[in-house]
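Engineer: After the structure tokens below, expect a handful of questions from me.
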Amino acid sequence: MKLSEKQILLSNDDDIDSPGLWAAAEALSELGYVTVAAPRDHMSATGRGFQKDSDGIITKKQLTVHGQEWDVYAVGGSPSQSVAHGILEIVPQKPDLVVAGINFGENLGTDITWSGTVGAAIEAASLGIPGMAISQQIFFDTWDRDPMSIDFSTSAYFTKYFAKLILEKQFPEDVHILNVVVPADATPETKWKVTPLSNLRYFRPYIEREGAFEEKGRIRSRKLETEEIIPGNDIHTVRVEKTVSVTPLSINLTSRTDLVQFENLLRSNK
């Protein structure tokens, strides 16, 4: 490793053995030196959470990916914890970019706040490092049949494409993260466009419970039906237009409303 190389930290929420992670690693290795620090265990839907009962144990492993030897770090913790450990004690210098993914399943709409993939990118941004979260649309039947056979090559192409742009360009001050979502049947020739997040919940929750409250219950979800999707956002872009969605995110959650007018509203007697 040359310290003059671009330093890229790669993580995910599907665990250290995910084929999506390794597709991203191989693609990103053409841009710089890639350090992989990812959860030891499957950590989907953990948001940016730090788990109090995580052990923080870092296990160095060596994996062979397409004939190339990789030293990787499996972290006993959430995706955001893996990123924090990676930045603070694993990578020899401050990374130029943190990438999270490639995630099994699309991170869209308001659901991104509970995505471990997006949470990892937010953690990077909170430490002053540009982040990118990338996910691939997955059909449930494919997931149920053989998730390890899913082809991530197109998403890997877009991972490298947008990572290169982040490394080369000066983004506006309020852009800290790119959330990239690749449709299931995309190819490298698939078009992409910048889109806002939908304000809809992409996975609609429902409860499965047998009997009274004292019995076990589970929150499950279904995807939005096509007729529920309105245009002009990331969900419509991926699901209806079948185009790659690129959404710039800010870690500043303050509403973009006029704060003076809002304060006046609160103070008014009307």
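Here, A, B, ... name the chains of the structure tokens in the order displayed, residue numbers run from 1 inside each chain, and ligands are numbered from 1 in the same displayed order.
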Report as a PDB file with N, CA and C atoms, in the first residue's frame all protein, DNA and RNA residues lying within 12 Å of region 199-208 of chain A, evaluated on only C-alpha atoms, omitting residues in the same chain fewer than 5 positions from it.
Structural biologist:
ATOM      1  N   ALA A  45     -30.954  -3.224   8.701  1.00  0.00           N
ATOM      2  CA  ALA A  45     -31.976  -2.439   9.412  1.00  0.00           C
ATOM      3  C   ALA A  45     -31.516  -1.968  10.785  1.00  0.00           C
ATOM      4  N   GLY A 105     -31.020  -5.436  -1.708  1.00  0.00           N
ATOM      5  CA  GLY A 105     -32.299  -4.754  -1.577  1.00  0.00           C
ATOM      6  C   GLY A 105     -32.150  -3.252  -1.614  1.00  0.00           C
ATOM      7  N   GLU A 106     -33.163  -2.596  -2.158  1.00  0.00           N
ATOM      8  CA  GLU A 106     -33.132  -1.171  -2.437  1.00  0.00           C
ATOM      9  C   GLU A 106     -33.428  -0.336  -1.197  1.00  0.00           C
ATOM     10  N   ASN A 107     -32.640   0.714  -0.993  1.00  0.00           N
ATOM     11  CA  ASN A 107     -32.854   1.658   0.099  1.00  0.00           C
ATOM     12  C   ASN A 107     -33.484   2.927  -0.477  1.00  0.00           C
ATOM     13  N   LEU A 108     -34.783   3.078  -0.271  1.00  0.00           N
ATOM     14  CA  LEU A 108     -35.534   4.143  -0.931  1.00  0.00           C
ATOM     15  C   LEU A 108     -36.462   4.862   0.043  1.00  0.00           C
ATOM     16  N   GLY A 109     -36.827   6.080  -0.323  1.00  0.00           N
ATOM     17  CA  GLY A 109     -37.816   6.827   0.436  1.00  0.00           C
ATOM     18  C   GLY A 109     -37.405   7.054   1.875  1.00  0.00           C
ATOM     19  N   THR A 110     -38.384   7.140   2.755  1.00  0.00           N
ATOM     20  CA  THR A 110     -38.093   7.405   4.161  1.00  0.00           C
ATOM     21  C   THR A 110     -37.437   6.216   4.858  1.00  0.00           C
ATOM     22  N   ASP A 111     -37.402   5.069   4.195  1.00  0.00           N
ATOM     23  CA  ASP A 111     -36.794   3.879   4.797  1.00  0.00           C
ATOM     24  C   ASP A 111     -35.285   4.007   4.980  1.00  0.00           C
ATOM     25  N   ILE A 112     -34.670   4.972   4.326  1.00  0.00           N
ATOM     26  CA  ILE A 112     -33.212   5.051   4.429  1.00  0.00           C
ATOM     27  C   ILE A 112     -32.750   5.313   5.855  1.00  0.00           C
ATOM     28  N   THR A 113     -33.623   5.846   6.717  1.00  0.00           N
ATOM     29  CA  THR A 113     -33.179   6.147   8.075  1.00  0.00           C
ATOM     30  C   THR A 113     -32.973   4.896   8.913  1.00  0.00           C
ATOM     31  N   TRP A 114     -33.590   3.783   8.522  1.00  0.00           N
ATOM     32  CA  TRP A 114     -33.300   2.550   9.254  1.00  0.00           C
ATOM     33  C   TRP A 114     -32.363   1.609   8.504  1.00  0.00           C
ATOM     34  N   SER A 115     -31.875   2.026   7.366  1.00  0.00           N
ATOM     35  CA  SER A 115     -30.923   1.220   6.609  1.00  0.00           C
ATOM     36  C   SER A 115     -29.539   1.242   7.265  1.00  0.00           C
ATOM     37  N   PHE A 213     -51.633  -9.774  23.095  1.00  0.00           N
ATOM     38  CA  PHE A 213     -50.376  -9.029  23.103  1.00  0.00           C
ATOM     39  C   PHE A 213     -49.248  -9.823  23.756  1.00  0.00           C
ATOM     40  N   GLU A 215     -48.538 -12.819  23.420  1.00  0.00           N
ATOM     41  CA  GLU A 215     -47.948 -13.768  22.487  1.00  0.00           C
ATOM     42  C   GLU A 215     -46.927 -13.051  21.599  1.00  0.00           C
ATOM     43  N   LYS A 216     -46.039 -13.827  20.977  1.00  0.00           N
ATOM     44  CA  LYS A 216     -45.011 -13.239  20.128  1.00  0.00           C
ATOM     45  C   LYS A 216     -45.637 -12.547  18.918  1.00  0.00           C
ATOM     46  N   GLY A 217     -45.081 -11.388  18.590  1.00  0.00           N
ATOM     47  CA  GLY A 217     -45.525 -10.664  17.409  1.00  0.00           C
ATOM     48  C   GLY A 217     -44.326 -10.198  16.610  1.00  0.00           C
ATOM     49  N   ARG A 218     -44.534  -9.998  15.337  1.00  0.00           N
ATOM     50  CA  ARG A 218     -43.427  -9.572  14.475  1.00  0.00           C
ATOM     51  C   ARG A 218     -43.920  -8.529  13.483  1.00  0.00           C
ATOM     52  N   ILE A 219     -43.099  -7.492  13.292  1.00  0.00           N
ATOM     53  CA  ILE A 219     -43.406  -6.490  12.278  1.00  0.00           C
ATOM     54  C   ILE A 219     -42.837  -6.961  10.951  1.00  0.00           C
ATOM     55  N   ARG A 220     -43.701  -7.151   9.986  1.00  0.00           N
ATOM     56  CA  ARG A 220     -43.279  -7.520   8.638  1.00  0.00           C
ATOM     57  C   ARG A 220     -43.627  -6.376   7.700  1.00  0.00           C
ATOM     58  N   SER A 221     -43.276  -6.508   6.451  1.00  0.00           N
ATOM     59  CA  SER A 221     -43.531  -5.402   5.535  1.00  0.00           C
ATOM     60  C   SER A 221     -43.778  -5.898   4.126  1.00  0.00           C
ATOM     61  N   ARG A 222     -44.416  -5.037   3.350  1.00  0.00           N
ATOM     62  CA  ARG A 222     -44.607  -5.281   1.923  1.00  0.00           C
ATOM     63  C   ARG A 222     -44.164  -4.032   1.181  1.00  0.00           C
ATOM     64  N   LYS A 223     -43.680  -4.203  -0.016  1.00  0.00           N
ATOM     65  CA  LYS A 223     -43.284  -3.066  -0.828  1.00  0.00           C
ATOM     66  C   LYS A 223     -44.508  -2.320  -1.337  1.00  0.00           C
ATOM     67  N   LEU A 224     -44.311  -1.042  -1.596  1.00  0.00           N
ATOM     68  CA  LEU A 224     -45.377  -0.255  -2.222  1.00  0.00           C
ATOM     69  C   LEU A 224     -45.827  -0.922  -3.517  1.00  0.00           C
ATOM     70  N   GLU A 225     -47.128  -0.929  -3.736  1.00  0.00           N
ATOM     71  CA  GLU A 225     -47.631  -1.385  -5.024  1.00  0.00           C
ATOM     72  C   GLU A 225     -47.353  -0.309  -6.065  1.00  0.00           C
ATOM     73  N   THR A 226     -47.249  -0.717  -7.319  1.00  0.00           N
ATOM     74  CA  THR A 226     -46.911   0.229  -8.386  1.00  0.00           C
ATOM     75  C   THR A 226     -47.912   1.387  -8.454  1.00  0.00           C
ATOM     76  N   GLU A 228     -49.376   2.815  -6.140  1.00  0.00           N
ATOM     77  CA  GLU A 228     -49.207   3.730  -5.005  1.00  0.00           C
ATOM     78  C   GLU A 228     -48.063   4.718  -5.222  1.00  0.00           C
ATOM     79  N   ILE A 229     -47.256   4.481  -6.254  1.00  0.00           N
ATOM     80  CA  ILE A 229     -46.041   5.274  -6.455  1.00  0.00           C
ATOM     81  C   ILE A 229     -46.349   6.506  -7.290  1.00  0.00           C
ATOM     82  N   ILE A 230     -45.936   7.667  -6.794  1.00  0.00           N
ATOM     83  CA  ILE A 230     -46.113   8.918  -7.526  1.00  0.00           C
ATOM     84  C   ILE A 230     -44.782   9.301  -8.170  1.00  0.00           C
ATOM     85  N   PRO A 231     -44.787  10.064  -9.266  1.00  0.00           N
ATOM     86  CA  PRO A 231     -43.539  10.403  -9.963  1.00  0.00           C
ATOM     87  C   PRO A 231     -42.744  11.492  -9.252  1.00  0.00           C
ATOM     88  N   GLY A 232     -41.500  11.665  -9.734  1.00  0.00           N
ATOM     89  CA  GLY A 232     -40.676  12.765  -9.275  1.00  0.00           C
ATOM     90  C   GLY A 232     -39.818  12.473  -8.065  1.00  0.00           C
ATOM     91  N   ASN A 233     -39.448  11.198  -7.855  1.00  0.00           N
ATOM     92  CA  ASN A 233     -38.649  10.847  -6.688  1.00  0.00           C
ATOM     93  C   ASN A 233     -37.870   9.562  -6.930  1.00  0.00           C
ATOM     94  N   ASP A 234     -37.121   9.134  -5.915  1.00  0.00           N
ATOM     95  CA  ASP A 234     -36.250   7.971  -6.063  1.00  0.00           C
ATOM     96  C   ASP A 234     -37.030   6.672  -6.273  1.00  0.00           C
ATOM     97  N   ILE A 235     -38.164   6.528  -5.592  1.00  0.00           N
ATOM     98  CA  ILE A 235     -38.935   5.296  -5.737  1.00  0.00           C
ATOM     99  C   ILE A 235     -39.457   5.140  -7.163  1.00  0.00           C
ATOM    100  N   HIS A 236     -40.032   6.199  -7.703  1.00  0.00           N
ATOM    101  CA  HIS A 236     -40.547   6.148  -9.078  1.00  0.00           C
ATOM    102  C   HIS A 236     -39.411   5.899 -10.062  1.00  0.00           C
ATOM    103  N   VAL A 238     -36.594   4.221  -9.711  1.00  0.00           N
ATOM    104  CA  VAL A 238     -36.127   2.829  -9.717  1.00  0.00           C
ATOM    105  C   VAL A 238     -37.229   1.866 -10.130  1.00  0.00           C
ATOM    106  N   ARG A 239     -38.399   1.992  -9.528  1.00  0.00           N
ATOM    107  CA  ARG A 239     -39.452   1.010  -9.735  1.00  0.00           C
ATOM    108  C   ARG A 239     -40.170   1.162 -11.069  1.00  0.00           C
TER     109      ARG A 239
END
Engineer: List the spatial neighbours of Trp22 (chain A) as number ranges by chain - criterion: any atom at most 12 Å away, only C-alpha atoms, same-chain residues fewer than 5 positions off excluded.
Structural biologist: A: 10-12, 14-17, 27-29, 34-38, 63-66, 68-70, 72, 100-103, 148, 151-153, 155-156, 159
Engineer: Atoms to include: C-alpha atoms. Write the selected residues as a PDB file, in the first residue's frame.
Structural biologist:
ATOM      1  CA  LEU A  10     -15.594  -0.142   2.468  1.00  0.00           C
ATOM      2  CA  SER A  11     -18.316  -1.507   4.740  1.00  0.00           C
ATOM      3  CA  ASN A  12     -21.857  -2.879   4.522  1.00  0.00           C
ATOM      4  CA  ASP A  14     -24.966  -7.726   5.134  1.00  0.00           C
ATOM      5  CA  ASP A  15     -21.768  -8.985   6.848  1.00  0.00           C
ATOM      6  CA  ILE A  16     -18.160  -9.542   5.844  1.00  0.00           C
ATOM      7  CA  ASP A  17     -18.929 -12.504   3.545  1.00  0.00           C
ATOM      8  CA  ALA A  27     -14.451  -2.410  -8.517  1.00  0.00           C
ATOM      9  CA  LEU A  28     -13.147   0.168  -6.040  1.00  0.00           C
ATOM     10  CA  SER A  29      -9.641  -1.338  -6.046  1.00  0.00           C
ATOM     11  CA  VAL A  34      -9.466  -0.404  -0.327  1.00  0.00           C
ATOM     12  CA  THR A  35      -9.714  -1.326   3.335  1.00  0.00           C
ATOM     13  CA  VAL A  36     -12.675  -3.515   4.223  1.00  0.00           C
ATOM     14  CA  ALA A  37     -14.117  -3.172   7.727  1.00  0.00           C
ATOM     15  CA  ALA A  38     -17.553  -4.733   7.850  1.00  0.00           C
ATOM     16  CA  LEU A  63      -9.988 -13.808   1.712  1.00  0.00           C
ATOM     17  CA  THR A  64      -9.301 -14.670  -1.897  1.00  0.00           C
ATOM     18  CA  VAL A  65     -11.522 -12.793  -4.314  1.00  0.00           C
ATOM     19  CA  HIS A  66     -11.058 -13.528  -8.021  1.00  0.00           C
ATOM     20  CA  GLN A  68      -6.575 -11.587  -5.315  1.00  0.00           C
ATOM     21  CA  GLU A  69      -5.688 -11.812  -1.623  1.00  0.00           C
ATOM     22  CA  TRP A  70      -7.461  -9.348   0.666  1.00  0.00           C
ATOM     23  CA  VAL A  72     -10.128  -7.673   5.753  1.00  0.00           C
ATOM     24  CA  ALA A 100     -21.262   1.165   2.147  1.00  0.00           C
ATOM     25  CA  GLY A 101     -22.711  -1.700   0.123  1.00  0.00           C
ATOM     26  CA  ILE A 102     -23.544  -3.177  -2.259  1.00  0.00           C
ATOM     27  CA  ASN A 103     -26.700  -3.859  -0.272  1.00  0.00           C
ATOM     28  CA  MET A 148     -25.838 -15.798  -2.991  1.00  0.00           C
ATOM     29  CA  ASP A 151     -25.233 -10.787  -9.916  1.00  0.00           C
ATOM     30  CA  PHE A 152     -23.798  -7.545  -8.558  1.00  0.00           C
ATOM     31  CA  SER A 153     -21.620  -6.706 -11.551  1.00  0.00           C
ATOM     32  CA  SER A 155     -24.017  -2.315  -9.307  1.00  0.00           C
ATOM     33  CA  ALA A 156     -20.244  -2.709  -9.012  1.00  0.00           C
ATOM     34  CA  THR A 159     -20.137   1.874  -7.438  1.00  0.00           C
TER      35      THR A 159
END
Engineer: Which residues, written as a PyMOL selection string, have at least one atom at most 9 Å from Ala121 (chain A), with only C-alpha atoms counted and residues fewer than 3 positions away on the same chain left out?
Structural biologist: chain A and resi 11+48+79-80+83+98-100+116-118+124-126+129-133+176-179
Engineer: How would the residues just chosen look if you wrote them out with all heavy atoms as a short mmCIF file (atom, residue, chain, number, x, y, z; two decimals), in the first residue's frame?
Structural biologist:
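So selection-v6.cif came out as:
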data_model
loop_
_atom_site.label_atom_id
_atom_site.label_comp_id
_atom_site.auth_asym_id
_atom_site.auth_seq_id
_atom_site.Cartn_x
_atom_site.Cartn_y
_atom_site.Cartn_z
N SER A 11 -17.56 -0.76 3.73
CA SER A 11 -18.32 -1.51 4.74
C SER A 11 -19.67 -1.90 4.15
O SER A 11 -19.95 -1.65 2.97
CB SER A 11 -18.48 -0.66 6.01
OG SER A 11 -18.93 -1.46 7.09
N ARG A 48 -28.09 3.93 12.04
CA ARG A 48 -26.77 4.40 12.45
C ARG A 48 -26.45 3.98 13.89
O ARG A 48 -25.54 4.51 14.51
CB ARG A 48 -26.71 5.93 12.31
CG ARG A 48 -25.30 6.50 12.40
CD ARG A 48 -25.33 8.02 12.51
NE ARG A 48 -24.07 8.53 13.03
CZ ARG A 48 -23.91 9.75 13.51
NH1 ARG A 48 -24.93 10.59 13.53
NH2 ARG A 48 -22.75 10.14 13.99
N PRO A 79 -22.97 -1.65 11.34
CA PRO A 79 -22.28 -1.00 10.22
C PRO A 79 -21.63 0.32 10.61
O PRO A 79 -20.47 0.59 10.25
CB PRO A 79 -23.40 -0.78 9.19
CG PRO A 79 -24.36 -1.88 9.48
CD PRO A 79 -24.35 -2.05 10.96
N SER A 80 -22.34 1.16 11.36
CA SER A 80 -21.76 2.44 11.75
C SER A 80 -20.59 2.25 12.70
O SER A 80 -19.61 2.99 12.65
CB SER A 80 -22.82 3.35 12.38
OG SER A 80 -23.43 2.72 13.48
N VAL A 83 -17.59 1.29 10.60
CA VAL A 83 -17.00 2.47 9.96
C VAL A 83 -16.18 3.27 10.97
O VAL A 83 -15.06 3.72 10.68
CB VAL A 83 -18.10 3.34 9.32
CG1 VAL A 83 -17.56 4.72 8.94
CG2 VAL A 83 -18.67 2.64 8.09
N VAL A 98 -15.72 6.85 2.09
CA VAL A 98 -16.27 5.64 2.69
C VAL A 98 -17.45 5.18 1.84
O VAL A 98 -18.35 5.97 1.54
CB VAL A 98 -16.72 5.87 4.14
CG1 VAL A 98 -17.44 4.64 4.69
CG2 VAL A 98 -15.53 6.22 5.03
N VAL A 99 -17.43 3.93 1.45
CA VAL A 99 -18.52 3.34 0.66
C VAL A 99 -19.18 2.25 1.49
O VAL A 99 -18.50 1.44 2.14
CB VAL A 99 -17.99 2.74 -0.67
CG1 VAL A 99 -19.12 2.05 -1.44
CG2 VAL A 99 -17.35 3.83 -1.53
N ALA A 100 -20.50 2.21 1.46
CA ALA A 100 -21.26 1.17 2.15
C ALA A 100 -22.11 0.43 1.12
O ALA A 100 -22.88 1.04 0.40
CB ALA A 100 -22.15 1.77 3.23
N GLY A 116 -28.99 0.07 7.55
CA GLY A 116 -27.63 0.01 8.07
C GLY A 116 -26.61 0.48 7.05
O GLY A 116 -25.57 1.05 7.41
N THR A 117 -26.90 0.27 5.77
CA THR A 117 -26.01 0.73 4.71
C THR A 117 -25.90 2.24 4.71
O THR A 117 -24.81 2.81 4.70
CB THR A 117 -26.52 0.24 3.34
OG1 THR A 117 -26.68 -1.17 3.37
CG2 THR A 117 -25.56 0.61 2.23
N VAL A 118 -27.06 2.92 4.73
CA VAL A 118 -27.04 4.37 4.77
C VAL A 118 -26.49 4.87 6.10
O VAL A 118 -25.76 5.87 6.16
CB VAL A 118 -28.46 4.94 4.51
CG1 VAL A 118 -28.46 6.45 4.61
CG2 VAL A 118 -28.96 4.49 3.13
N ALA A 124 -19.71 8.01 8.44
CA ALA A 124 -18.53 8.57 7.78
C ALA A 124 -18.66 10.08 7.63
O ALA A 124 -17.73 10.83 7.95
CB ALA A 124 -18.33 7.92 6.42
N ALA A 125 -19.83 10.52 7.16
CA ALA A 125 -20.04 11.95 6.95
C ALA A 125 -19.94 12.73 8.26
O ALA A 125 -19.43 13.86 8.29
CB ALA A 125 -21.39 12.19 6.29
N SER A 126 -20.39 12.13 9.35
CA SER A 126 -20.32 12.80 10.65
C SER A 126 -18.87 12.99 11.10
O SER A 126 -18.60 13.84 11.95
CB SER A 126 -21.09 12.01 11.71
OG SER A 126 -20.37 10.86 12.12
N ILE A 129 -15.95 12.77 6.37
CA ILE A 129 -15.51 12.01 5.20
C ILE A 129 -16.70 11.77 4.28
O ILE A 129 -17.76 11.35 4.74
CB ILE A 129 -14.89 10.66 5.63
CG1 ILE A 129 -13.69 10.91 6.54
CG2 ILE A 129 -14.48 9.84 4.41
CD1 ILE A 129 -13.23 9.69 7.27
N PRO A 130 -16.56 12.05 2.97
CA PRO A 130 -17.68 11.78 2.05
C PRO A 130 -18.10 10.32 2.11
O PRO A 130 -17.27 9.42 2.22
CB PRO A 130 -17.10 12.13 0.68
CG PRO A 130 -15.94 13.01 0.95
CD PRO A 130 -15.38 12.57 2.27
N GLY A 131 -19.40 10.10 2.04
CA GLY A 131 -19.93 8.74 2.09
C GLY A 131 -20.78 8.43 0.88
O GLY A 131 -21.40 9.32 0.30
N MET A 132 -20.81 7.15 0.53
CA MET A 132 -21.71 6.70 -0.52
C MET A 132 -22.36 5.40 -0.06
O MET A 132 -21.68 4.48 0.39
CB MET A 132 -20.98 6.46 -1.84
CG MET A 132 -21.92 5.97 -2.95
SD MET A 132 -21.16 5.92 -4.59
CE MET A 132 -20.11 4.49 -4.43
N ALA A 133 -23.67 5.34 -0.16
CA ALA A 133 -24.42 4.12 0.11
C ALA A 133 -24.96 3.61 -1.21
O ALA A 133 -25.58 4.37 -1.95
CB ALA A 133 -25.56 4.40 1.08
N HIS A 176 -23.28 15.57 1.64
CA HIS A 176 -22.35 14.76 2.42
C HIS A 176 -22.32 13.30 1.99
O HIS A 176 -21.33 12.60 2.22
CB HIS A 176 -22.70 14.83 3.90
CG HIS A 176 -22.74 16.23 4.44
ND1 HIS A 176 -23.91 16.84 4.84
CD2 HIS A 176 -21.76 17.15 4.61
CE1 HIS A 176 -23.64 18.07 5.26
NE2 HIS A 176 -22.35 18.28 5.13
N ILE A 177 -23.42 12.84 1.38
CA ILE A 177 -23.57 11.43 1.05
C ILE A 177 -24.31 11.31 -0.27
O ILE A 177 -25.20 12.10 -0.57
CB ILE A 177 -24.41 10.70 2.14
CG1 ILE A 177 -23.73 10.79 3.50
CG2 ILE A 177 -24.67 9.24 1.77
CD1 ILE A 177 -24.69 10.62 4.65
N LEU A 178 -23.95 10.30 -1.06
CA LEU A 178 -24.76 9.92 -2.22
C LEU A 178 -25.44 8.59 -1.91
O LEU A 178 -24.78 7.63 -1.50
CB LEU A 178 -23.90 9.75 -3.48
CG LEU A 178 -23.32 11.00 -4.13
CD1 LEU A 178 -22.66 10.62 -5.46
CD2 LEU A 178 -24.37 12.07 -4.35
N ASN A 179 -26.75 8.56 -2.09
CA ASN A 179 -27.49 7.31 -1.98
C ASN A 179 -27.83 6.84 -3.39
O ASN A 179 -28.63 7.45 -4.08
CB ASN A 179 -28.77 7.51 -1.17
CG ASN A 179 -29.49 6.19 -0.92
OD1 ASN A 179 -28.86 5.21 -0.52
ND2 ASN A 179 -30.79 6.16 -1.16
#
Engineer: Mind the document's chain letters and residue numbers, and return as a ChimeraX atom specification the residues of region 50-200 of chain A that DSSP labels alpha helix (DSSP H).
Structural biologist: /A:79-85,116-126,140-145,153-168
Engineer: Please run DSSP on the backbone and report, as a ChimeraX atom specification, all residues within region 21-175 of chain A that come out as strand (DSSP E).
Structural biologist: /A:33-39,58-65,68-75,97-104,131-136
Engineer: Would you put the residues from that selection into a file with N, CA, C and O atoms, as a short mmCIF file (atom, residue, chain, number, x, y, z; two decimals), in the first residue's frame?
Structural biologist:
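Once everything was written out, this is again03.cif:
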data_model
loop_
_atom_site.label_atom_id
_atom_site.label_comp_id
_atom_site.auth_asym_id
_atom_site.auth_seq_id
_atom_site.Cartn_x
_atom_site.Cartn_y
_atom_site.Cartn_z
N TYR A 33 -6.56 2.34 -2.72
CA TYR A 33 -6.37 1.23 -1.79
C TYR A 33 -7.63 1.07 -0.96
O TYR A 33 -8.09 2.00 -0.30
N VAL A 34 -8.20 -0.14 -0.99
CA VAL A 34 -9.47 -0.40 -0.33
C VAL A 34 -9.23 -1.18 0.96
O VAL A 34 -8.63 -2.26 0.95
N THR A 35 -9.70 -0.62 2.06
CA THR A 35 -9.71 -1.33 3.34
C THR A 35 -11.14 -1.73 3.64
O THR A 35 -12.05 -0.90 3.60
N VAL A 36 -11.34 -3.01 3.92
CA VAL A 36 -12.68 -3.51 4.22
C VAL A 36 -12.82 -3.71 5.73
O VAL A 36 -12.07 -4.48 6.33
N ALA A 37 -13.76 -3.00 6.32
CA ALA A 37 -14.12 -3.17 7.73
C ALA A 37 -15.63 -3.28 7.78
O ALA A 37 -16.34 -2.28 7.64
N ALA A 38 -16.12 -4.48 7.95
CA ALA A 38 -17.55 -4.73 7.85
C ALA A 38 -18.02 -5.56 9.03
O ALA A 38 -17.23 -6.25 9.68
N PRO A 39 -19.32 -5.51 9.32
CA PRO A 39 -19.83 -6.28 10.45
C PRO A 39 -19.54 -7.78 10.32
O PRO A 39 -19.65 -8.35 9.23
N ILE A 58 -12.22 -7.03 16.71
CA ILE A 58 -11.85 -6.92 15.30
C ILE A 58 -11.02 -8.13 14.93
O ILE A 58 -9.95 -8.38 15.51
N THR A 59 -11.51 -8.91 13.99
CA THR A 59 -10.82 -10.11 13.55
C THR A 59 -10.28 -9.90 12.15
O THR A 59 -11.03 -9.64 11.21
N LYS A 60 -8.97 -9.98 12.03
CA LYS A 60 -8.34 -9.84 10.71
C LYS A 60 -8.43 -11.17 9.99
O LYS A 60 -8.05 -12.22 10.52
N LYS A 61 -8.96 -11.11 8.77
CA LYS A 61 -9.12 -12.31 7.97
C LYS A 61 -8.47 -12.10 6.61
O LYS A 61 -8.23 -10.96 6.20
N GLN A 62 -8.19 -13.17 5.94
CA GLN A 62 -7.67 -13.07 4.57
C GLN A 62 -8.60 -13.86 3.67
O GLN A 62 -8.88 -15.04 3.91
N LEU A 63 -9.10 -13.18 2.67
CA LEU A 63 -9.99 -13.81 1.71
C LEU A 63 -9.40 -13.72 0.32
O LEU A 63 -8.66 -12.78 0.00
N THR A 64 -9.72 -14.69 -0.50
CA THR A 64 -9.30 -14.67 -1.90
C THR A 64 -10.51 -14.35 -2.75
O THR A 64 -11.51 -15.07 -2.75
N VAL A 65 -10.43 -13.24 -3.46
CA VAL A 65 -11.52 -12.79 -4.31
C VAL A 65 -10.99 -12.67 -5.73
O VAL A 65 -10.13 -11.83 -6.02
N GLN A 68 -7.30 -12.63 -6.03
CA GLN A 68 -6.58 -11.59 -5.32
C GLN A 68 -6.75 -11.77 -3.82
O GLN A 68 -7.85 -12.00 -3.33
N GLU A 69 -5.64 -11.67 -3.07
CA GLU A 69 -5.69 -11.81 -1.62
C GLU A 69 -6.06 -10.48 -0.96
O GLU A 69 -5.48 -9.44 -1.27
N TRP A 70 -7.01 -10.54 -0.05
CA TRP A 70 -7.46 -9.35 0.67
C TRP A 70 -7.31 -9.56 2.17
O TRP A 70 -7.76 -10.56 2.71
N ASP A 71 -6.68 -8.60 2.84
CA ASP A 71 -6.74 -8.53 4.29
C ASP A 71 -7.97 -7.73 4.66
O ASP A 71 -8.11 -6.57 4.26
N VAL A 72 -8.87 -8.33 5.42
CA VAL A 72 -10.13 -7.67 5.75
C VAL A 72 -10.34 -7.73 7.26
O VAL A 72 -9.72 -8.53 7.97
N TYR A 73 -11.25 -6.89 7.73
CA TYR A 73 -11.48 -6.78 9.16
C TYR A 73 -12.96 -6.98 9.45
O TYR A 73 -13.81 -6.19 9.02
N ALA A 74 -13.26 -8.06 10.18
CA ALA A 74 -14.63 -8.33 10.61
C ALA A 74 -14.81 -7.73 11.99
O ALA A 74 -14.06 -8.03 12.92
N VAL A 75 -15.80 -6.86 12.11
CA VAL A 75 -15.99 -6.10 13.34
C VAL A 75 -17.22 -6.59 14.10
O VAL A 75 -18.29 -6.77 13.50
N LEU A 97 -12.72 8.49 1.14
CA LEU A 97 -14.10 8.13 0.83
C LEU A 97 -14.48 6.88 1.63
O LEU A 97 -13.65 5.99 1.82
N VAL A 98 -15.72 6.85 2.09
CA VAL A 98 -16.27 5.64 2.69
C VAL A 98 -17.45 5.18 1.84
O VAL A 98 -18.35 5.97 1.54
N VAL A 99 -17.43 3.93 1.45
CA VAL A 99 -18.52 3.34 0.66
C VAL A 99 -19.18 2.25 1.49
O VAL A 99 -18.50 1.44 2.14
N ALA A 100 -20.50 2.21 1.46
CA ALA A 100 -21.26 1.17 2.15
C ALA A 100 -22.11 0.43 1.12
O ALA A 100 -22.88 1.04 0.40
N GLY A 101 -21.95 -0.88 1.06
CA GLY A 101 -22.71 -1.70 0.12
C GLY A 101 -21.81 -2.74 -0.55
O GLY A 101 -20.69 -2.93 -0.11
N ILE A 102 -22.27 -3.35 -1.56
CA ILE A 102 -23.54 -3.18 -2.26
C ILE A 102 -24.62 -3.95 -1.48
O ILE A 102 -24.47 -5.15 -1.23
N ASN A 103 -25.68 -3.28 -1.13
CA ASN A 103 -26.70 -3.86 -0.27
C ASN A 103 -27.66 -4.76 -1.04
O ASN A 103 -28.07 -4.45 -2.15
N PHE A 104 -28.03 -5.88 -0.39
CA PHE A 104 -29.11 -6.72 -0.90
C PHE A 104 -30.43 -5.97 -0.67
O PHE A 104 -30.91 -5.85 0.45
N GLY A 131 -19.40 10.10 2.04
CA GLY A 131 -19.93 8.74 2.09
C GLY A 131 -20.78 8.43 0.88
O GLY A 131 -21.40 9.32 0.30
N MET A 132 -20.81 7.15 0.53
CA MET A 132 -21.71 6.70 -0.52
C MET A 132 -22.36 5.40 -0.06
O MET A 132 -21.68 4.48 0.39
N ALA A 133 -23.67 5.34 -0.16
CA ALA A 133 -24.42 4.12 0.11
C ALA A 133 -24.96 3.61 -1.21
O ALA A 133 -25.58 4.37 -1.95
N ILE A 134 -24.71 2.35 -1.51
CA ILE A 134 -25.20 1.81 -2.77
C ILE A 134 -25.95 0.52 -2.51
O ILE A 134 -25.52 -0.33 -1.73
N SER A 135 -27.11 0.41 -3.15
CA SER A 135 -27.95 -0.76 -2.96
C SER A 135 -28.52 -1.21 -4.30
O SER A 135 -28.61 -0.43 -5.24
N GLN A 136 -28.89 -2.48 -4.33
CA GLN A 136 -29.43 -3.06 -5.57
C GLN A 136 -30.82 -3.60 -5.30
O GLN A 136 -31.05 -4.32 -4.32
#
